[in-house]
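For reference, entry24.cif (mmCIF, C-alpha atoms):
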data_my_file
loop_
_atom_site.group_PDB
_atom_site.id
_atom_site.type_symbol
_atom_site.label_atom_id
_atom_site.label_comp_id
_atom_site.auth_asym_id
_atom_site.auth_seq_id
_atom_site.Cartn_x
_atom_site.Cartn_y
_atom_site.Cartn_z
ATOM 1 C CA MET L 279 15.412 -1.225 -13.623
ATOM 2 C CA PHE L 280 16.621 -4.339 -15.391
ATOM 3 C CA ASN L 281 18.508 -3.596 -18.577
ATOM 4 C CA LYS L 282 20.152 -6.936 -19.263
ATOM 5 C CA PRO L 283 18.133 -9.786 -20.666
ATOM 6 C CA GLN L 284 17.157 -12.290 -18.035
ATOM 7 C CA PHE L 285 16.513 -15.850 -18.957
ATOM 8 C CA ARG L 286 14.659 -18.440 -16.960
ATOM 9 C CA LYS L 287 16.168 -21.850 -16.640
ATOM 10 C CA ARG L 288 15.128 -24.908 -14.772
ATOM 11 C CA SER L 289 17.122 -26.329 -11.948
ATOM 12 C CA THR L 290 16.628 -29.955 -11.034
ATOM 13 C CA LEU L 291 17.212 -31.286 -7.581
ATOM 14 C CA ILE L 292 17.888 -35.011 -7.483
ATOM 15 C CA ALA L 293 17.955 -36.901 -4.242
ATOM 16 C CA ALA L 294 18.885 -40.559 -3.990
ATOM 17 C CA VAL L 295 17.937 -42.675 -1.045
ATOM 18 C CA LEU L 296 20.048 -45.797 -0.777
ATOM 19 C CA THR L 297 19.426 -48.781 1.429
ATOM 20 C CA THR L 298 22.178 -49.594 3.914
ATOM 21 C CA CYS L 299 23.187 -52.636 1.953
ATOM 22 C CA LEU L 300 23.308 -50.595 -1.293
ATOM 23 C CA THR L 301 21.316 -53.320 -3.074
ATOM 24 C CA ALA L 302 18.409 -51.029 -3.954
ATOM 25 C CA GLY L 303 17.911 -47.361 -4.538
ATOM 26 C CA ALA L 304 15.317 -44.808 -5.442
ATOM 27 C CA SER L 305 15.428 -41.263 -6.755
ATOM 28 C CA PHE L 306 13.029 -38.419 -7.277
ATOM 29 C CA SER L 307 13.212 -35.015 -8.895
ATOM 30 C CA ALA L 308 11.442 -31.754 -8.316
ATOM 31 C CA SER L 309 11.821 -28.827 -10.706
ATOM 32 C CA ALA L 310 11.843 -25.247 -9.600
ATOM 33 C CA MET L 311 11.507 -22.268 -11.903
ATOM 34 C CA ASP L 312 14.775 -20.383 -11.771
ATOM 35 C CA ASN L 313 13.598 -16.786 -12.001
ATOM 36 C CA VAL L 314 10.452 -14.676 -12.231
ATOM 37 C CA HIS L 315 10.603 -10.915 -12.631
ATOM 38 C CA PHE L 316 7.360 -9.129 -11.695
ATOM 39 C CA LEU L 317 6.549 -5.952 -13.610
ATOM 40 C CA ILE L 318 4.172 -3.739 -11.594
ATOM 41 C CA PRO L 319 2.355 -0.997 -13.592
ATOM 42 C CA GLY L 320 1.941 1.301 -10.550
ATOM 43 C CA GLY L 321 3.798 2.578 -7.528
ATOM 44 C CA ALA L 322 4.312 1.098 -4.098
ATOM 45 C CA GLY L 323 1.331 0.657 -1.834
ATOM 46 C CA GLY L 324 -1.264 -0.193 -4.464
ATOM 47 C CA GLY L 325 -3.169 -3.381 -5.204
ATOM 48 C CA TRP L 326 -0.928 -4.391 -8.107
ATOM 49 C CA ASP L 327 2.138 -3.951 -5.932
ATOM 50 C CA GLY L 328 0.639 -6.004 -3.105
ATOM 51 C CA THR L 329 -0.527 -8.763 -5.440
ATOM 52 C CA ALA L 330 2.830 -9.114 -7.194
ATOM 53 C CA ARG L 331 4.841 -9.040 -3.988
ATOM 54 C CA GLY L 332 2.458 -11.376 -2.166
ATOM 55 C CA THR L 333 2.544 -13.854 -5.049
ATOM 56 C CA GLY L 334 6.318 -13.574 -5.252
ATOM 57 C CA GLU L 335 6.603 -14.159 -1.515
ATOM 58 C CA ALA L 336 4.560 -17.358 -1.737
ATOM 59 C CA LEU L 337 6.433 -18.652 -4.794
ATOM 60 C CA SER L 338 9.828 -17.959 -3.239
ATOM 61 C CA LYS L 339 9.154 -19.217 0.288
ATOM 62 C CA SER L 340 7.489 -22.386 -1.020
ATOM 63 C CA GLY L 341 10.474 -23.185 -3.219
ATOM 64 C CA LEU L 342 8.513 -23.077 -6.464
ATOM 65 C CA VAL L 343 10.728 -20.259 -7.792
ATOM 66 C CA ASP L 344 14.388 -19.803 -6.905
ATOM 67 C CA THR L 345 14.723 -16.052 -7.463
ATOM 68 C CA VAL L 346 12.004 -13.383 -7.505
ATOM 69 C CA SER L 347 12.497 -9.723 -8.432
ATOM 70 C CA TYR L 348 10.209 -6.717 -8.793
ATOM 71 C CA GLU L 349 10.048 -3.549 -10.864
ATOM 72 C CA ASN L 350 7.538 -0.719 -10.348
ATOM 73 C CA MET L 351 6.784 1.268 -13.506
ATOM 74 C CA SER L 352 4.088 3.900 -13.032
ATOM 75 C CA GLY L 353 2.597 6.042 -15.748
ATOM 76 C CA GLY L 354 -0.233 6.310 -18.215
ATOM 77 C CA GLY L 355 -2.728 4.495 -16.036
ATOM 78 C CA GLY L 356 -0.659 1.338 -16.461
ATOM 79 C CA GLY L 357 -0.051 1.973 -20.145
ATOM 80 C CA LYS L 358 3.658 2.714 -19.712
ATOM 81 C CA ALA L 359 4.372 -0.756 -18.322
ATOM 82 C CA ILE L 360 2.220 -2.445 -20.962
ATOM 83 C CA ALA L 361 4.000 -0.596 -23.787
ATOM 84 C CA HIS L 362 7.387 -1.408 -22.227
ATOM 85 C CA LEU L 363 6.575 -5.115 -21.998
ATOM 86 C CA ILE L 364 5.476 -5.178 -25.637
ATOM 87 C CA GLU L 365 8.442 -3.162 -26.913
ATOM 88 C CA THR L 366 11.020 -5.268 -25.054
ATOM 89 C CA ALA L 367 9.245 -8.609 -25.463
ATOM 90 C CA ALA L 368 12.320 -10.423 -26.767
ATOM 91 C CA GLN L 369 14.177 -9.652 -23.532
ATOM 92 C CA LYS L 370 11.230 -10.260 -21.181
ATOM 93 C CA LYS L 371 10.676 -14.007 -21.371
ATOM 94 C CA ASP L 372 11.104 -14.220 -17.588
ATOM 95 C CA THR L 373 8.656 -11.410 -16.826
ATOM 96 C CA LEU L 374 5.110 -11.534 -15.489
ATOM 97 C CA MET L 375 3.156 -8.285 -15.423
ATOM 98 C CA VAL L 376 0.412 -8.036 -12.838
ATOM 99 C CA ASN L 377 -2.838 -6.401 -13.861
ATOM 100 C CA SER L 378 -6.538 -6.484 -13.089
ATOM 101 C CA THR L 379 -9.920 -5.086 -14.117
ATOM 102 C CA PRO L 380 -8.326 -1.718 -15.095
ATOM 103 C CA ILE L 381 -6.668 -3.261 -18.146
ATOM 104 C CA VAL L 382 -10.191 -3.775 -19.493
ATOM 105 C CA ILE L 383 -11.544 -0.424 -18.286
ATOM 106 C CA ARG L 384 -8.641 1.646 -19.610
ATOM 107 C CA SER L 385 -8.584 -0.139 -22.935
ATOM 108 C CA LEU L 386 -12.311 0.517 -23.393
ATOM 109 C CA SER L 387 -11.916 4.186 -22.452
ATOM 110 C CA LYS L 388 -8.842 4.580 -24.713
ATOM 111 C CA VAL L 389 -6.520 5.617 -21.881
ATOM 112 C CA PHE L 390 -3.992 3.526 -23.786
ATOM 113 C CA PRO L 391 -4.300 1.901 -27.227
ATOM 114 C CA GLN L 392 -3.364 -1.645 -26.194
ATOM 115 C CA SER L 393 -5.587 -4.360 -24.769
ATOM 116 C CA PHE L 394 -5.049 -7.770 -23.198
ATOM 117 C CA ARG L 395 -4.922 -9.150 -26.756
ATOM 118 C CA ASP L 396 -1.512 -7.515 -27.231
ATOM 119 C CA LEU L 397 -0.068 -9.559 -24.349
ATOM 120 C CA THR L 398 0.009 -13.243 -23.377
ATOM 121 C CA PRO L 399 -2.675 -13.834 -20.723
ATOM 122 C CA ILE L 400 -1.381 -16.385 -18.192
ATOM 123 C CA ALA L 401 -4.002 -16.611 -15.449
ATOM 124 C CA ALA L 402 -6.370 -14.715 -13.198
ATOM 125 C CA THR L 403 -5.313 -15.682 -9.678
ATOM 126 C CA ILE L 404 -7.228 -13.742 -7.018
ATOM 127 C CA GLY L 405 -10.233 -11.546 -6.394
ATOM 128 C CA ASP L 406 -10.081 -8.468 -4.188
ATOM 129 C CA PHE L 407 -13.181 -6.587 -3.084
ATOM 130 C CA GLY L 408 -13.483 -2.834 -3.007
ATOM 131 C CA ALA L 409 -13.561 -0.833 0.210
ATOM 132 C CA PHE L 410 -14.124 2.727 1.401
ATOM 133 C CA VAL L 411 -11.967 4.023 4.235
ATOM 134 C CA VAL L 412 -11.562 7.216 6.253
ATOM 135 C CA LYS L 413 -8.651 8.407 8.355
ATOM 136 C CA LYS L 414 -8.810 7.249 11.938
ATOM 137 C CA ASP L 415 -9.914 10.631 13.352
ATOM 138 C CA SER L 416 -12.552 11.272 10.662
ATOM 139 C CA PRO L 417 -15.967 12.475 11.861
ATOM 140 C CA TYR L 418 -17.483 9.748 9.680
ATOM 141 C CA THR L 419 -18.102 6.575 11.673
ATOM 142 C CA SER L 420 -20.393 4.853 9.172
ATOM 143 C CA PHE L 421 -20.906 4.769 5.423
ATOM 144 C CA GLU L 422 -24.510 5.860 5.948
ATOM 145 C CA GLN L 423 -23.207 9.213 7.216
ATOM 146 C CA VAL L 424 -21.150 9.643 4.061
ATOM 147 C CA VAL L 425 -24.206 8.828 1.951
ATOM 148 C CA ALA L 426 -26.297 11.386 3.830
ATOM 149 C CA ASP L 427 -23.751 14.130 3.104
ATOM 150 C CA TYR L 428 -23.489 13.043 -0.522
ATOM 151 C CA ARG L 429 -27.233 13.224 -1.012
ATOM 152 C CA GLU L 430 -27.279 16.698 0.527
ATOM 153 C CA ASN L 431 -24.342 17.973 -1.507
ATOM 154 C CA PRO L 432 -22.225 15.639 -3.670
ATOM 155 C CA ARG L 433 -19.462 18.244 -3.865
ATOM 156 C CA LYS L 434 -18.961 17.986 -0.108
ATOM 157 C CA VAL L 435 -17.548 14.455 -0.329
ATOM 158 C CA LYS L 436 -14.164 14.261 -2.041
ATOM 159 C CA ILE L 437 -13.080 10.700 -2.806
ATOM 160 C CA SER L 438 -9.488 9.769 -3.537
ATOM 161 C CA GLY L 439 -8.338 6.789 -5.561
ATOM 162 C CA GLY L 440 -5.035 5.446 -6.805
ATOM 163 C CA SER L 441 -6.022 5.532 -10.461
ATOM 164 C CA ALA L 442 -7.232 7.940 -13.128
ATOM 165 C CA ARG L 443 -10.724 9.380 -13.519
ATOM 166 C CA GLY L 444 -13.082 6.885 -15.096
ATOM 167 C CA SER L 445 -10.986 3.955 -13.893
ATOM 168 C CA MET L 446 -11.768 1.292 -11.349
ATOM 169 C CA ASP L 447 -11.578 3.203 -8.050
ATOM 170 C CA HIS L 448 -13.785 5.875 -9.607
ATOM 171 C CA LEU L 449 -16.135 3.293 -11.125
ATOM 172 C CA VAL L 450 -16.609 1.481 -7.792
ATOM 173 C CA ALA L 451 -17.353 4.764 -6.016
ATOM 174 C CA ALA L 452 -19.882 5.734 -8.683
ATOM 175 C CA MET L 453 -21.513 2.315 -8.439
ATOM 176 C CA ALA L 454 -21.804 2.560 -4.635
ATOM 177 C CA PHE L 455 -23.330 6.039 -4.581
ATOM 178 C CA LYS L 456 -25.694 5.147 -7.409
ATOM 179 C CA ALA L 457 -26.910 2.184 -5.314
ATOM 180 C CA ALA L 458 -27.345 4.593 -2.394
ATOM 181 C CA GLY L 459 -29.691 6.778 -4.441
ATOM 182 C CA GLY L 460 -27.201 9.422 -5.544
ATOM 183 C CA ASN L 461 -26.222 10.607 -8.983
ATOM 184 C CA PRO L 462 -23.088 8.620 -9.920
ATOM 185 C CA ARG L 463 -21.975 11.280 -12.370
ATOM 186 C CA GLN L 464 -21.619 13.792 -9.553
ATOM 187 C CA VAL L 465 -18.960 11.818 -7.652
ATOM 188 C CA ARG L 466 -16.130 14.217 -6.795
ATOM 189 C CA TYR L 467 -13.236 11.920 -7.529
ATOM 190 C CA VAL L 468 -9.623 13.016 -6.963
ATOM 191 C CA ALA L 469 -7.202 10.895 -8.990
ATOM 192 C CA TYR L 470 -3.733 9.917 -7.769
ATOM 193 C CA ASP L 471 -1.107 7.856 -9.576
ATOM 194 C CA ALA L 472 -0.932 5.064 -6.992
ATOM 195 C CA GLY L 473 -2.529 3.817 -3.810
ATOM 196 C CA GLY L 474 0.177 5.279 -1.591
ATOM 197 C CA GLU L 475 -0.358 8.772 -2.995
ATOM 198 C CA ALA L 476 -4.135 8.438 -2.656
ATOM 199 C CA MET L 477 -3.651 7.437 0.965
ATOM 200 C CA ALA L 478 -1.468 10.496 1.548
ATOM 201 C CA GLY L 479 -4.252 12.639 0.105
ATOM 202 C CA LEU L 480 -6.695 11.158 2.603
ATOM 203 C CA LEU L 481 -4.399 11.584 5.610
ATOM 204 C CA SER L 482 -3.580 15.189 4.690
ATOM 205 C CA GLY L 483 -7.252 16.097 4.524
ATOM 206 C CA GLU L 484 -7.325 16.688 0.774
ATOM 207 C CA THR L 485 -10.121 14.114 0.569
ATOM 208 C CA GLU L 486 -12.677 12.688 2.989
ATOM 209 C CA LEU L 487 -12.902 9.147 1.642
ATOM 210 C CA LEU L 488 -10.553 6.669 -0.046
ATOM 211 C CA SER L 489 -11.812 4.167 -2.626
ATOM 212 C CA THR L 490 -9.383 1.251 -2.631
ATOM 213 C CA GLY L 491 -9.002 -2.515 -2.634
ATOM 214 C CA PHE L 492 -10.043 -4.393 0.469
ATOM 215 C CA SER L 493 -6.587 -5.941 0.898
ATOM 216 C CA GLU L 494 -4.940 -2.508 0.878
ATOM 217 C CA ALA L 495 -7.564 -1.258 3.320
ATOM 218 C CA LEU L 496 -6.771 -4.126 5.702
ATOM 219 C CA ALA L 497 -3.058 -3.276 5.693
ATOM 220 C CA LEU L 498 -3.782 0.410 6.332
ATOM 221 C CA ALA L 499 -6.220 -0.391 9.129
ATOM 222 C CA GLU L 500 -3.752 -2.770 10.764
ATOM 223 C CA ALA L 501 -1.180 0.032 10.743
ATOM 224 C CA GLY L 502 -3.679 2.190 12.613
ATOM 225 C CA GLU L 503 -3.948 4.821 9.894
ATOM 226 C CA VAL L 504 -7.561 4.360 8.784
ATOM 227 C CA ARG L 505 -10.948 2.912 9.598
ATOM 228 C CA ILE L 506 -12.773 0.781 7.027
ATOM 229 C CA LEU L 507 -16.403 1.873 6.709
ATOM 230 C CA VAL L 508 -17.697 -0.692 4.220
ATOM 231 C CA MET L 509 -16.628 -3.283 1.643
ATOM 232 C CA THR L 510 -18.151 -4.562 -1.597
ATOM 233 C CA GLY L 511 -18.333 -8.342 -1.105
ATOM 234 C CA ASN L 512 -21.493 -10.416 -0.981
ATOM 235 C CA ASN L 513 -20.686 -11.311 2.620
ATOM 236 C CA ARG L 514 -18.449 -10.018 5.385
ATOM 237 C CA SER L 515 -14.841 -11.177 5.255
ATOM 238 C CA ASP L 516 -13.239 -13.338 7.924
ATOM 239 C CA ALA L 517 -10.224 -11.030 7.651
ATOM 240 C CA ALA L 518 -12.294 -8.132 9.057
ATOM 241 C CA PRO L 519 -15.643 -9.454 10.314
ATOM 242 C CA GLU L 520 -16.565 -6.098 11.834
ATOM 243 C CA VAL L 521 -16.713 -4.390 8.406
ATOM 244 C CA PRO L 522 -20.218 -4.406 6.855
ATOM 245 C CA THR L 523 -21.003 -4.881 3.185
ATOM 246 C CA LEU L 524 -22.855 -2.402 1.000
ATOM 247 C CA LYS L 525 -25.636 -4.948 0.556
ATOM 248 C CA GLU L 526 -26.303 -5.402 4.260
ATOM 249 C CA LEU L 527 -26.523 -1.624 4.640
ATOM 250 C CA GLY L 528 -29.295 -1.650 2.051
ATOM 251 C CA TYR L 529 -27.285 -0.627 -1.013
ATOM 252 C CA ASP L 530 -27.664 -3.242 -3.746
ATOM 253 C CA ALA L 531 -24.128 -3.265 -5.094
ATOM 254 C CA THR L 532 -21.257 -5.735 -5.059
ATOM 255 C CA PHE L 533 -17.890 -5.725 -6.786
ATOM 256 C CA VAL L 534 -14.855 -7.976 -6.980
ATOM 257 C CA ASN L 535 -11.692 -6.990 -8.809
ATOM 258 C CA TRP L 536 -9.817 -9.913 -10.349
ATOM 259 C CA ARG L 537 -6.064 -9.726 -10.444
ATOM 260 C CA GLY L 538 -3.774 -11.871 -12.518
ATOM 261 C CA PHE L 539 -0.690 -12.062 -14.663
ATOM 262 C CA PHE L 540 0.345 -11.509 -18.271
ATOM 263 C CA ALA L 541 3.545 -12.472 -20.068
ATOM 264 C CA ALA L 542 5.132 -10.673 -22.986
ATOM 265 C CA PRO L 543 3.722 -11.245 -26.469
ATOM 266 C CA GLY L 544 5.385 -14.095 -28.323
ATOM 267 C CA VAL L 545 6.070 -16.252 -25.267
ATOM 268 C CA SER L 546 6.151 -19.907 -26.290
ATOM 269 C CA ASP L 547 3.334 -22.296 -25.460
ATOM 270 C CA ALA L 548 5.768 -24.290 -23.313
ATOM 271 C CA ASP L 549 6.763 -21.253 -21.250
ATOM 272 C CA LYS L 550 3.131 -20.207 -20.928
ATOM 273 C CA ALA L 551 2.189 -23.673 -19.693
ATOM 274 C CA GLU L 552 5.028 -23.577 -17.167
ATOM 275 C CA TYR L 553 3.816 -20.264 -15.762
ATOM 276 C CA VAL L 554 0.287 -21.649 -15.469
ATOM 277 C CA GLU L 555 1.548 -24.771 -13.714
ATOM 278 C CA VAL L 556 3.684 -22.941 -11.147
ATOM 279 C CA LEU L 557 0.786 -20.627 -10.239
ATOM 280 C CA LYS L 558 -1.537 -23.620 -9.951
ATOM 281 C CA LYS L 559 0.907 -25.392 -7.626
ATOM 282 C CA MET L 560 1.159 -22.273 -5.486
ATOM 283 C CA TYR L 561 -2.438 -22.637 -4.288
ATOM 284 C CA ALA L 562 -1.619 -25.877 -2.444
ATOM 285 C CA THR L 563 1.170 -24.312 -0.352
ATOM 286 C CA ASP L 564 0.965 -23.087 3.230
ATOM 287 C CA GLU L 565 2.956 -20.040 2.179
ATOM 288 C CA TRP L 566 0.207 -19.018 -0.239
ATOM 289 C CA GLU L 567 -2.544 -19.546 2.332
ATOM 290 C CA SER L 568 -0.666 -17.261 4.713
ATOM 291 C CA VAL L 569 -0.458 -14.509 2.076
ATOM 292 C CA ARG L 570 -4.049 -15.004 0.877
ATOM 293 C CA SER L 571 -5.652 -14.902 4.334
ATOM 294 C CA ARG L 572 -3.533 -11.938 5.413
ATOM 295 C CA ASN L 573 -4.835 -9.929 2.477
ATOM 296 C CA GLY L 574 -8.445 -11.105 2.552
ATOM 297 C CA TRP L 575 -8.234 -12.321 -1.052
ATOM 298 C CA THR L 576 -10.588 -14.837 -2.607
ATOM 299 C CA GLU L 577 -9.119 -17.307 -5.091
ATOM 300 C CA ILE L 578 -10.073 -16.953 -8.748
ATOM 301 C CA PHE L 579 -7.976 -19.315 -10.853
ATOM 302 C CA LYS L 580 -8.700 -18.908 -14.553
ATOM 303 C CA PRO L 581 -5.746 -20.109 -16.635
ATOM 304 C CA ASP L 582 -4.830 -19.612 -20.290
ATOM 305 C CA ALA L 583 -7.834 -19.954 -22.652
ATOM 306 C CA GLU L 584 -10.285 -19.730 -19.757
ATOM 307 C CA PHE L 585 -8.661 -16.431 -18.780
ATOM 308 C CA VAL L 586 -9.045 -15.093 -22.336
ATOM 309 C CA SER L 587 -12.751 -16.002 -22.388
ATOM 310 C CA PHE L 588 -13.186 -14.335 -19.002
ATOM 311 C CA LEU L 589 -11.509 -11.149 -20.265
ATOM 312 C CA GLU L 590 -13.787 -11.051 -23.295
ATOM 313 C CA GLN L 591 -16.794 -11.363 -20.996
ATOM 314 C CA GLN L 592 -15.398 -8.577 -18.818
ATOM 315 C CA GLU L 593 -15.226 -6.259 -21.823
ATOM 316 C CA THR L 594 -18.952 -6.760 -22.397
ATOM 317 C CA GLU L 595 -20.081 -6.489 -18.765
ATOM 318 C CA VAL L 596 -17.758 -3.699 -17.610
ATOM 319 C CA GLY L 597 -18.386 -1.775 -20.822
ATOM 320 C CA ALA L 598 -22.140 -1.887 -20.185
ATOM 321 C CA LEU L 599 -21.646 -0.573 -16.624
ATOM 322 C CA MET L 600 -19.341 2.203 -17.825
ATOM 323 C CA ARG L 601 -21.946 3.320 -20.362
ATOM 324 C CA GLU L 602 -24.652 3.270 -17.726
ATOM 325 C CA LEU L 603 -22.536 5.466 -15.458
ATOM 326 C CA GLY L 604 -21.608 7.843 -18.248
ATOM 327 C CA PHE L 605 -17.947 6.865 -18.596
ATOM 328 C CA LEU L 606 -18.414 5.603 -22.159
ATOM 329 C CA LYS L 607 -20.674 6.813 -24.936
#
How does this structure look as structure tokens?
Amino acid sequence: MFNKPQFRKRSTLIAAVLTTCLTAGASFSASAMDNVHFLIPGGAGGGWDGTARGTGEALSKSGLVDTVSYENMSGGGGGKAIAHLIETAAQKKDTLMVNSTPIVIRSLSKVFPQSFRDLTPIAATIGDFGAFVVKKDSPYTSFEQVVADYRENPRKVKISGGSARGSMDHLVAAMAFKAAGGNPRQVRYVAYDAGGEAMAGLLSGETELLSTGFSEALALAEAGEVRILVMTGNNRSDAAPEVPTLKELGYDATFVNWRGFFAAPGVSDADKAEYVEVLKKMYATDEWESVRSRNGWTEIFKPDAEFVSFLEQQETEVGALMRELGFLK
């Protein structure tokens, strides 16, 4: 926890190159943001955690930010962190909170009373597909087998997710089984507070399937803990070319979860512009490409006003899907 106010300052590095005869000189300057504190609305092991830490890694290693820190604050489906950022806004000028599609979903479903309008949207930065995984010794070797069992008896297939009922992991599962000919309202979804806990539920046998982000699935598969059965992109990913998409299996469904960053309400236009600029610069660095490719992310850069328009569109589109699936009246 960070109780003392933290303020961001700019440090300027000035290098002078002098000719040997000292008759001419040149100088240049490059500014680095002094500090960014990432507020993560969930526990370790989830997509928010991975996005914040991956972004922080790229910003730090590339020299765009001098000091990066992190704070996990679980609770209320992300609402605890949002409320904290709003309540302590005057002391959080250096803070970026990571969030994603769930801020729209949970606002629509009244999990918490706030929306993105109560914060300062900075930019959407990446897209992460959904994925369904099983533990490595699961009898399921294909998603078609899971679908067959679901059609026979939906109660037989328990699906874990690192978020509350009616939220994104649940929504993606409902969408997939609806596309496969099942009743999406019969999905037996077991909610956990974070991706790590949902993974533990899968490994312990409490559930048969985990609905998660593709980047998290890649990390779990690389550790040898799970097998990825399917992902929700339009095409297979270079990060895991052996994993099929729902569409190629004959299920007409795709999904990409944007992730991005919000500052506290009341942040100045100058500070907002500086955040946008440092994130924009990040994309051109080798350090970012290393993080992005490792996680199988696609780039979605929507800064400032463009981000706000995108969020408004999300409310309309995601709200329509939630009503269709029975999550909203």
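Distances to Met477 in chain L were evaluated for L:Pro519, L:Val343, L:Val412, L:Gly528 using all atoms listed in the file, and the minimum falls at L:Val412.
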Tell me which residues the PyMOL selection byres ((chain L and resi 423-425) around 10) grabs here, as number ranges by chain. L: 417-422, 426-432, 434-435, 454-455, 458-460, 486-487, 507
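Residue nearest Trp575 in chain L within the list L:Phe492, L:Phe316, L:Tyr553, L:Phe390: L:Phe492 [criterion: smallest interatomic distance, only C-alpha atoms].
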Selection under test: the PyMOL selection byres ((chain L and resi 541) around 6); residues as a ChimeraX atom specification: /L:374,398,540,542
What residues come out when you apply the PyMOL selection byres ((chain L and resi 437-445) around 10) to this file, written as a PDB file with C-alpha atoms, in the frame of the given file?
ATOM      1  CA  GLY L 320       1.941   1.301 -10.550  1.00  0.00           C
ATOM      2  CA  GLY L 321       3.798   2.578  -7.528  1.00  0.00           C
ATOM      3  CA  GLY L 323       1.331   0.657  -1.834  1.00  0.00           C
ATOM      4  CA  GLY L 324      -1.264  -0.193  -4.464  1.00  0.00           C
ATOM      5  CA  GLY L 325      -3.169  -3.381  -5.204  1.00  0.00           C
ATOM      6  CA  GLY L 354      -0.233   6.310 -18.215  1.00  0.00           C
ATOM      7  CA  GLY L 355      -2.728   4.495 -16.036  1.00  0.00           C
ATOM      8  CA  GLY L 356      -0.659   1.338 -16.461  1.00  0.00           C
ATOM      9  CA  THR L 379      -9.920  -5.086 -14.117  1.00  0.00           C
ATOM     10  CA  PRO L 380      -8.326  -1.718 -15.095  1.00  0.00           C
ATOM     11  CA  ILE L 381      -6.668  -3.261 -18.146  1.00  0.00           C
ATOM     12  CA  VAL L 382     -10.191  -3.775 -19.493  1.00  0.00           C
ATOM     13  CA  ILE L 383     -11.544  -0.424 -18.286  1.00  0.00           C
ATOM     14  CA  ARG L 384      -8.641   1.646 -19.610  1.00  0.00           C
ATOM     15  CA  SER L 387     -11.916   4.186 -22.452  1.00  0.00           C
ATOM     16  CA  VAL L 389      -6.520   5.617 -21.881  1.00  0.00           C
ATOM     17  CA  PHE L 410     -14.124   2.727   1.401  1.00  0.00           C
ATOM     18  CA  VAL L 411     -11.967   4.023   4.235  1.00  0.00           C
ATOM     19  CA  VAL L 412     -11.562   7.216   6.253  1.00  0.00           C
ATOM     20  CA  ARG L 433     -19.462  18.244  -3.865  1.00  0.00           C
ATOM     21  CA  LYS L 434     -18.961  17.986  -0.108  1.00  0.00           C
ATOM     22  CA  VAL L 435     -17.548  14.455  -0.329  1.00  0.00           C
ATOM     23  CA  LYS L 436     -14.164  14.261  -2.041  1.00  0.00           C
ATOM     24  CA  MET L 446     -11.768   1.292 -11.349  1.00  0.00           C
ATOM     25  CA  ASP L 447     -11.578   3.203  -8.050  1.00  0.00           C
ATOM     26  CA  HIS L 448     -13.785   5.875  -9.607  1.00  0.00           C
ATOM     27  CA  LEU L 449     -16.135   3.293 -11.125  1.00  0.00           C
ATOM     28  CA  VAL L 450     -16.609   1.481  -7.792  1.00  0.00           C
ATOM     29  CA  ALA L 451     -17.353   4.764  -6.016  1.00  0.00           C
ATOM     30  CA  ALA L 452     -19.882   5.734  -8.683  1.00  0.00           C
ATOM     31  CA  VAL L 465     -18.960  11.818  -7.652  1.00  0.00           C
ATOM     32  CA  ARG L 466     -16.130  14.217  -6.795  1.00  0.00           C
ATOM     33  CA  TYR L 467     -13.236  11.920  -7.529  1.00  0.00           C
ATOM     34  CA  VAL L 468      -9.623  13.016  -6.963  1.00  0.00           C
ATOM     35  CA  ALA L 469      -7.202  10.895  -8.990  1.00  0.00           C
ATOM     36  CA  TYR L 470      -3.733   9.917  -7.769  1.00  0.00           C
ATOM     37  CA  ASP L 471      -1.107   7.856  -9.576  1.00  0.00           C
ATOM     38  CA  ALA L 472      -0.932   5.064  -6.992  1.00  0.00           C
ATOM     39  CA  GLY L 473      -2.529   3.817  -3.810  1.00  0.00           C
ATOM     40  CA  GLY L 474       0.177   5.279  -1.591  1.00  0.00           C
ATOM     41  CA  GLU L 475      -0.358   8.772  -2.995  1.00  0.00           C
ATOM     42  CA  ALA L 476      -4.135   8.438  -2.656  1.00  0.00           C
ATOM     43  CA  MET L 477      -3.651   7.437   0.965  1.00  0.00           C
ATOM     44  CA  ALA L 478      -1.468  10.496   1.548  1.00  0.00           C
ATOM     45  CA  GLY L 479      -4.252  12.639   0.105  1.00  0.00           C
ATOM     46  CA  LEU L 480      -6.695  11.158   2.603  1.00  0.00           C
ATOM     47  CA  GLU L 484      -7.325  16.688   0.774  1.00  0.00           C
ATOM     48  CA  THR L 485     -10.121  14.114   0.569  1.00  0.00           C
ATOM     49  CA  GLU L 486     -12.677  12.688   2.989  1.00  0.00           C
ATOM     50  CA  LEU L 487     -12.902   9.147   1.642  1.00  0.00           C
ATOM     51  CA  LEU L 488     -10.553   6.669  -0.046  1.00  0.00           C
ATOM     52  CA  SER L 489     -11.812   4.167  -2.626  1.00  0.00           C
ATOM     53  CA  THR L 490      -9.383   1.251  -2.631  1.00  0.00           C
ATOM     54  CA  GLY L 491      -9.002  -2.515  -2.634  1.00  0.00           C
ATOM     55  CA  MET L 600     -19.341   2.203 -17.825  1.00  0.00           C
ATOM     56  CA  LEU L 603     -22.536   5.466 -15.458  1.00  0.00           C
ATOM     57  CA  GLY L 604     -21.608   7.843 -18.248  1.00  0.00           C
ATOM     58  CA  PHE L 605     -17.947   6.865 -18.596  1.00  0.00           C
ATOM     59  CA  LEU L 606     -18.414   5.603 -22.159  1.00  0.00           C
TER      60      LEU L 606
END
Could you give me, as JSON, numbers by chain, the residues within 10 Å of Asn573 in chain L, counting all atoms listed in the file and dropping anything in the same chain fewer than 6 positions from it? {"L": [328, 329, 332, 406, 491, 492, 493, 494, 495, 496, 497, 517, 567]}
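Across the model, the gap from CA of Val545 in chain L to CA of Ser338 in chain L is 22.4 Å.
One distance worth recording is that between CA of Phe585 in chain L and CA of Leu397 in chain L, which is 12.3 Å.
If you look at CA of Ile364 in chain L and CA of Asp396 in chain L, they are 7.5 Å away from each other.
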